[in-house]
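Here is the structure we will look at.
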Amino acid sequence: MNILLIGSGGREHALAWKIVSSPLLTKLWCAPGNAGIAQEAECIALDVADHAAVVRFCKQNRIDLVVVGPEAPLAAGIVDDLASAGIKAFGPSKAASQLESSKGFTKDLCKANDIPTAAYERFRDADSAKAYIRKQGAPIVVKADGLAAGKGVVVAMTLAEAESAIDMILGGGFGAAGAEAVVEEFIVGEEASFFVLCDGEHGLPLATAQDHKRAFDGDKGPNTGGMGAYSPAPVMTEAMIARTMREIVNPTLRAMAAKGMPYKGVLFAGLMVTKDGPKLIEYNARFGDPETQVLMLRLMSDLVPALLASVDGQLKNFDLRWFPDPALTVVMAAKGYPGDYAKGSRILGLEEAAKVEGVEIFHAGTKTSGADIVSNGGRVLNVTATGQTVSEAQRRAYEAIARIEWPEGFCRSDIGWQAIAREKGTKV
């Protein structure tokens with residue numbers, strides 16, 4: 001098979017790393033890719049926003065499957081345009097992608113189908129939103145309705161923070177993504193990332209994961225796209241997985257099919273596991289980043305047939321096998337992220353770091369400059385490791401990080417702390 005992978009982040013490097021291990025693969029291309037993906041695939045300068053150009057490339061190179069990594073091309077309808085041209089593509093349609101591209105759409109769907117989630121209201125004018133916030137009180141959650149690269153959510157601990165978030169969102173801080181704001185109740189529990197392959201009718205749960213959204217140790221600092229992750233998430237027991245499928249995922253798939261927009265691809269449910277059970281925080285219409293990095297290390301089965309089964313509606317009798325050992329990934333980011341940061345700093349020691357047992361390094365924001373690998377984004381590297389315990393995986397990841405010479409970067413030093421506390425019998 002000839003496969004085209006769309007994207008340039010750590011998620012896409014992890015997918016490329018897994019796809020190239022498939023005996024079904026003939027050749028893998030990636031658009032646009034990064035310095036790490038270039039070691040697995042042929043990276044091409046293809047404008048993925050130009051759907052006609054993508055279709056043309058697929059036809060010229062006899063592409064059998066397109067795997068779409070990021071959310072923006074999905075929301076722009078790339079899967080629809082490829083399907084219209086007779087090209088198989090893994091990912092949801094533009095209509096089904098609304099589960100991520102419109103938080104209001106998803107909240108309304110949850111309300112209509114009794115799917116457990118936080119209470120909410122939708123607003124287009126700031127005065128009404130602020131009046132609602134003052135009535136509800138803090139803490140409270142304020143979200144931009146549309147796609148905001150993982151940064152459109154403010155967990156406001158005070159009324160002043162919440163009102164400021166409304167001004168930012170409805171005042172144009174996120175452009176078109178902030179034309180509407182969603183204000184939600186603050187729910188208490190433990191977060192988990194839950195991924196399900198979907199074929200429009202059936203869902204196949206993948207391994208669980210937990211990510212670390214805050215920039216700094218101790219879950220302090222601003223929200224980011226994710227500073228690290230580990231799998232499995234101990235809070236997602238077999239019983240909790242079954243309950244999540246029964247109460248959240250399956251009703252969503254039924255509702256989407258009934259709307260005439262069956263969901264195919266991977267459905268990423270961001271959950272809060274509360275004392276009353278799982279509640280949906282939000283859906284994403286693609287694999288998570290950095291969760292994909294730990295999932296791919298743990299996936300024993302060939303990924304490619306699973307992607308095809310999703311596209312072809314054949315997941316009902318499909319199964320996947322997983323390595324029992326946990327995996328953990330630490331994001332190395334450019335100093336200043338998630339705010340302003342510089343690009344172009346040289347990164348050394350990657351080969352030495354990769355020699356640590358159980359370690360794989362997935363590139364995110366990197367590119368080559370002559371013989372050097374340099375930074376080219378906010379989140380730059382994902383240092384990923386497996387071990388017999390989360391503690392061992394964490395030790396290996398940080399041992400590898402110690403070998404990387406990149407003064408312009410930083411990372412958290414406590415990725416996996418909740419799982420490690422459980423391993424030590426400490427109360428989380």
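Residue numbers start at 1 in each chain; chains themselves are named A, B, ... in the order of the structure tokens; ligands are numbered from 1 in the order shown.
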
>> Give me the residues near Lys213 (chain A) as a VMD selection string, where near means some atom within 12 Å (using only C-alpha atoms) and where sequence neighbours in that chain fewer than 2 positions away do not count.
In response: chain A and resid 150 to 151 153 to 155 191 to 193 210 to 211 215 to 229 270 288 to 291 330 to 331 338 412 415

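Residues in contact with Val235 (chain A) at up to 8 Å, not including ones fewer than 4 positions away on its chain and judged by only C-alpha atoms, are Glu190, Ala192, Met240 and Val273 of chain A.
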
>> Quick one: residues within 8 Å of region 23-35 of chain A, only C-alpha atoms, excluding same-chain residues fewer than 6 positions away - as a PyMOL selection string?
In response: chain A and resi 1-9+12-13+16+41-48+304+363-368+373

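A straight line drawn from CA of Lys143 (chain A) to CA of Asn382 (chain A) is 27.1 Å long.
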
>> Can you tell me which residues surround Ser345 (chain A) at a distance of at most 8 Å, considering only C-alpha atoms, apart from same-chain residues fewer than 2 positions away, and format the answer as JSON, numbers by chain?
In response: {"A": [342, 343, 347, 374, 375, 406, 408]}

Selection export as a PDB file, in the first residue's frame, atoms kept: C-alpha atoms:
```pdb
ATOM      1  CA  ALA A 342      12.223  31.666  19.346  1.00  0.00           C
ATOM      2  CA  LYS A 343      12.844  29.205  16.513  1.00  0.00           C
ATOM      3  CA  ILE A 347      19.628  20.559  19.169  1.00  0.00           C
ATOM      4  CA  VAL A 374      16.968  22.907  14.839  1.00  0.00           C
ATOM      5  CA  SER A 375      13.798  23.913  16.662  1.00  0.00           C
ATOM      6  CA  TRP A 406      19.405  22.155  23.979  1.00  0.00           C
ATOM      7  CA  GLU A 408      16.884  26.945  24.657  1.00  0.00           C
TER       8      GLU A 408
END
```

>> Excluding region 88-103 of chain A and its own-chain neighbours fewer than 6 positions away, which residues fall within 7 Å of it when counting only C-alpha atoms? Please give them as a ChimeraX atom specification.
In response: /A:64-68,74-77,79-80,82,145-147,261-266,283-285,307,311

With N, CA and C atoms retained, write the just-selected residues as a compact mmCIF listing (two decimals), in the first residue's frame.
```txt
# COMPACT_ATOMS: atom_id res chain seq x y z
N ASP A 64 -3.20 4.71 -1.68
CA ASP A 64 -4.30 3.82 -1.28
C ASP A 64 -5.03 4.31 -0.04
N LEU A 65 -4.33 5.08 0.80
CA LEU A 65 -4.93 5.56 2.05
C LEU A 65 -4.27 6.86 2.47
N VAL A 66 -5.09 7.83 2.84
CA VAL A 66 -4.60 9.09 3.42
C VAL A 66 -4.95 9.08 4.91
N VAL A 67 -3.97 9.32 5.76
CA VAL A 67 -4.19 9.40 7.20
C VAL A 67 -4.03 10.86 7.61
N VAL A 68 -5.12 11.46 8.12
CA VAL A 68 -5.10 12.88 8.46
C VAL A 68 -4.81 13.03 9.96
N LEU A 74 -9.31 18.39 8.81
CA LEU A 74 -10.58 17.66 8.98
C LEU A 74 -11.75 18.63 8.99
N ALA A 75 -11.59 19.72 9.76
CA ALA A 75 -12.66 20.72 9.84
C ALA A 75 -12.88 21.40 8.49
N ALA A 76 -11.84 21.43 7.66
CA ALA A 76 -11.94 22.04 6.32
C ALA A 76 -12.52 21.09 5.28
N GLY A 77 -12.79 19.83 5.68
CA GLY A 77 -13.45 18.90 4.78
C GLY A 77 -12.54 18.12 3.85
N VAL A 79 -11.37 15.12 4.13
CA VAL A 79 -11.81 13.72 3.97
C VAL A 79 -12.94 13.64 2.95
N ASP A 80 -13.87 14.61 2.99
CA ASP A 80 -14.97 14.64 2.02
C ASP A 80 -14.44 14.77 0.59
N LEU A 82 -11.43 14.07 -0.59
CA LEU A 82 -10.71 12.87 -1.01
C LEU A 82 -11.69 11.74 -1.36
N ASP A 145 -15.66 28.65 21.13
CA ASP A 145 -16.45 27.59 20.49
C ASP A 145 -15.64 26.80 19.47
N GLY A 146 -14.79 27.49 18.69
CA GLY A 146 -14.10 26.85 17.56
C GLY A 146 -12.71 26.35 17.88
N LEU A 147 -11.97 26.00 16.82
CA LEU A 147 -10.63 25.46 16.96
C LEU A 147 -9.65 26.55 17.37
N MET A 261 -24.63 12.22 9.76
CA MET A 261 -23.20 12.52 9.73
C MET A 261 -22.44 11.46 10.53
N PRO A 262 -22.48 10.19 10.06
CA PRO A 262 -21.83 9.11 10.81
C PRO A 262 -20.36 9.40 11.06
N TYR A 263 -19.92 9.09 12.28
CA TYR A 263 -18.54 9.42 12.68
C TYR A 263 -17.60 8.28 12.37
N LYS A 264 -16.62 8.55 11.51
CA LYS A 264 -15.55 7.59 11.20
C LYS A 264 -14.21 8.24 11.54
N GLY A 265 -13.29 7.42 12.01
CA GLY A 265 -11.98 7.94 12.39
C GLY A 265 -11.70 7.60 13.83
N VAL A 266 -10.90 8.43 14.48
CA VAL A 266 -10.65 8.21 15.91
C VAL A 266 -11.38 9.31 16.67
N TYR A 283 -14.78 16.64 23.07
CA TYR A 283 -14.32 15.68 22.07
C TYR A 283 -13.27 16.32 21.18
N ASN A 284 -12.32 15.51 20.75
CA ASN A 284 -11.44 15.87 19.65
C ASN A 284 -11.66 14.85 18.54
N ALA A 285 -11.49 15.30 17.29
CA ALA A 285 -11.83 14.46 16.14
C ALA A 285 -10.60 13.79 15.55
N LEU A 307 -6.86 1.11 10.76
CA LEU A 307 -7.27 2.34 10.08
C LEU A 307 -8.20 2.01 8.91
N VAL A 311 -12.25 3.03 8.09
CA VAL A 311 -12.71 3.65 6.85
C VAL A 311 -13.79 2.79 6.19
```

>> At a cut-off of 8 Å, using only C-alpha atoms, what residues contact Ala233 (chain A)? Leave out same-chain residues fewer than 3 positions from it and give the result as a PyMOL selection string.
In response: chain A and resi 192+208-210+230+236+419

For the selection just defined, write its residues with N, CA and C atoms to a file, as a PDB file, in the first residue's frame.
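What follows is the written file out.pdb:
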```pdb
ATOM      1  N   ALA A 192      -8.817  12.130  32.171  1.00  0.00           N
ATOM      2  CA  ALA A 192      -8.259  11.005  31.417  1.00  0.00           C
ATOM      3  C   ALA A 192      -8.553  11.227  29.935  1.00  0.00           C
ATOM      4  N   THR A 208      -5.881   3.514  27.199  1.00  0.00           N
ATOM      5  CA  THR A 208      -6.165   4.797  27.846  1.00  0.00           C
ATOM      6  C   THR A 208      -4.864   5.562  28.078  1.00  0.00           C
ATOM      7  N   ALA A 209      -5.000   6.845  28.329  1.00  0.00           N
ATOM      8  CA  ALA A 209      -3.829   7.679  28.596  1.00  0.00           C
ATOM      9  C   ALA A 209      -4.245   8.838  29.488  1.00  0.00           C
ATOM     10  N   GLN A 210      -3.255   9.506  30.030  1.00  0.00           N
ATOM     11  CA  GLN A 210      -3.494  10.726  30.803  1.00  0.00           C
ATOM     12  C   GLN A 210      -2.418  11.721  30.405  1.00  0.00           C
ATOM     13  N   TYR A 230       1.101   9.642  29.753  1.00  0.00           N
ATOM     14  CA  TYR A 230       1.473   8.250  30.019  1.00  0.00           C
ATOM     15  C   TYR A 230       0.264   7.367  29.764  1.00  0.00           C
ATOM     16  N   MET A 236      -8.791   4.805  34.606  1.00  0.00           N
ATOM     17  CA  MET A 236      -9.680   4.179  33.630  1.00  0.00           C
ATOM     18  C   MET A 236      -9.619   2.657  33.781  1.00  0.00           C
ATOM     19  N   ALA A 419       0.329   8.546  38.432  1.00  0.00           N
ATOM     20  CA  ALA A 419       0.468   7.092  38.327  1.00  0.00           C
ATOM     21  C   ALA A 419       1.575   6.583  39.251  1.00  0.00           C
TER      22      ALA A 419
END
```

>> Just want the 12 Å neighbourhood of Lys111 (chain A), counted on only C-alpha atoms, with same-chain residues fewer than 3 positions away dropped. Output as a list of chain:residue names.
In response: A:Gly104, A:Phe105, A:Thr106, A:Lys107, A:Asp108, A:Asp114, A:Ile115, A:Pro116, A:Thr117, A:Ala118, A:Ala119, A:Tyr120, A:Glu121, A:Ile248, A:Pro251, A:Thr252, A:Ala255, A:Leu280

Kindly export the residues of the current selection with C-alpha atoms, as an mmCIF file, in the first residue's frame.
```cif
data_model
loop_
_atom_site.group_PDB
_atom_site.id
_atom_site.type_symbol
_atom_site.label_atom_id
_atom_site.label_comp_id
_atom_site.auth_asym_id
_atom_site.auth_seq_id
_atom_site.Cartn_x
_atom_site.Cartn_y
_atom_site.Cartn_z
ATOM 1 C CA GLY A 104 -21.477 24.345 21.271
ATOM 2 C CA PHE A 105 -22.525 21.670 18.756
ATOM 3 C CA THR A 106 -21.141 18.955 21.019
ATOM 4 C CA LYS A 107 -22.702 20.352 24.183
ATOM 5 C CA ASP A 108 -26.103 20.548 22.473
ATOM 6 C CA ASP A 114 -28.470 12.589 28.014
ATOM 7 C CA ILE A 115 -24.691 12.223 27.690
ATOM 8 C CA PRO A 116 -23.064 13.200 31.017
ATOM 9 C CA THR A 117 -21.175 16.479 30.734
ATOM 10 C CA ALA A 118 -20.825 19.791 32.560
ATOM 11 C CA ALA A 119 -23.816 22.158 32.642
ATOM 12 C CA TYR A 120 -23.315 25.013 30.165
ATOM 13 C CA GLU A 121 -24.672 27.966 28.201
ATOM 14 C CA ILE A 248 -20.818 8.570 26.381
ATOM 15 C CA PRO A 251 -24.837 7.346 22.398
ATOM 16 C CA THR A 252 -22.645 9.843 20.505
ATOM 17 C CA ALA A 255 -26.754 10.426 17.573
ATOM 18 C CA LEU A 280 -17.311 14.411 28.915
#
```

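Pairwise distance (CA of Gly425 (chain A), CA of Tyr398 (chain A)) equals 22.4 Å.
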
>> Run DSSP on the backbone and tell me which residues of region 29-257 of chain A come out as helix (DSSP H, G or I); list them as a ChimeraX atom specification.
In response: /A:37-39,51-60,71-75,78-84,98-101,103-112,126-136,159-173,175-178,217-219,238-257
